[in-house]
Amino acid sequence: MSCLKCLKYTMCVVNFIFFVCGATVFGFGIYLMTSSRFSSMLPSLQAMNIANLLFITGIIITCVSFLGFLGALKENRCLLISFFILLLILMLAELTAACLLMLYEGKIDDFIDKDLKEGLEKSKESRHNGTVEDDWDKVQIAFQCCGIRNHTEWGTLVPKSCEDTRNATRYWSQGCLTKLKGAFERNILNIGIGVIVVCIIEV
């Protein structure tokens, strides 16, 4: 009986920790959704947006962990069976998501390149399009880049955000395509590692 009690409280503690983690992930997803720096620049990647992924993942983890916590606390067989079935489905979904991310990783360059070209042309054609211009400025300042591949793509109207902060007479040498590609690849790697860690803990 003491072993069963120990297992019960261990499950309660573990599921409570997962519940808090799920709520944190959910909250962070909402924060990223409301403070995205380049969502309008990369419409093709909005479906793969990390904010959306965190938002959905947070909801799922919170619901499943709450079910496990309640089942362990009440020692309810029905709730515990439902919890383990959902846990198995969640684990399979995580592994599928990780595989899909790896599968589409090679296409990210094409998506980013296409969206950046369209966004740059829109910004050049209409200097009053605040959203696109603001996003370009934010990205160029944050990633210390200029244009898609270099500053020449802006023509004669090179934005002030392209200026190298170390030398105001020069522009950032790297284009934003390389910088954004690197950022997305790092995010995919982090998500992949996170999925593996979560799967190990769940097992």
# chains A, B, ... in the order shown; residues from 1 in each chain; ligands from 1
$ residues_around --residues "Gly68 of chain A" --least-positions-apart "3" --cutoff "7 Å" --atoms "only C-alpha atoms" --output "JSON, numbers by chain"
{"A": [15, 64, 65, 71, 72, 80, 83]}
$ write_last_selection --atoms "C-alpha atoms" --output "PDB file, in the first residue's frame"
ATOM      1  CA  ASN A  15       1.433  16.046 -13.469  1.00  0.00           C
ATOM      2  CA  VAL A  64      -3.676  16.074 -20.310  1.00  0.00           C
ATOM      3  CA  SER A  65      -1.655  16.811 -17.155  1.00  0.00           C
ATOM      4  CA  GLY A  71      -7.044  10.720 -11.854  1.00  0.00           C
ATOM      5  CA  ALA A  72      -4.110  10.052  -9.522  1.00  0.00           C
ATOM      6  CA  LEU A  80      -6.274   7.219 -15.381  1.00  0.00           C
ATOM      7  CA  PHE A  83      -4.975   9.901 -19.231  1.00  0.00           C
TER       8      PHE A  83
END
$ residues_around --residues "segment 172-179 of chain A" --least-positions-apart "3" --cutoff "7 Å" --atoms "only C-alpha atoms" --output "PyMOL selection string"
chain A and resi 112-113+140+143-150+162-164+182-183
$ residues_around --residues "segment 20-26 of chain A" --least-positions-apart "5" --cutoff "7 Å" --atoms "only C-alpha atoms" --output "list in words"
Leu54, Phe55, Gly58, Ile59, Ile61 and Thr62 of chain A
$ closest_residue --among "A:Ile141, A:Leu4, A:Phe66, A:Thr96" --to "Thr165 of chain A" --atoms "only C-alpha atoms"
A:Ile141
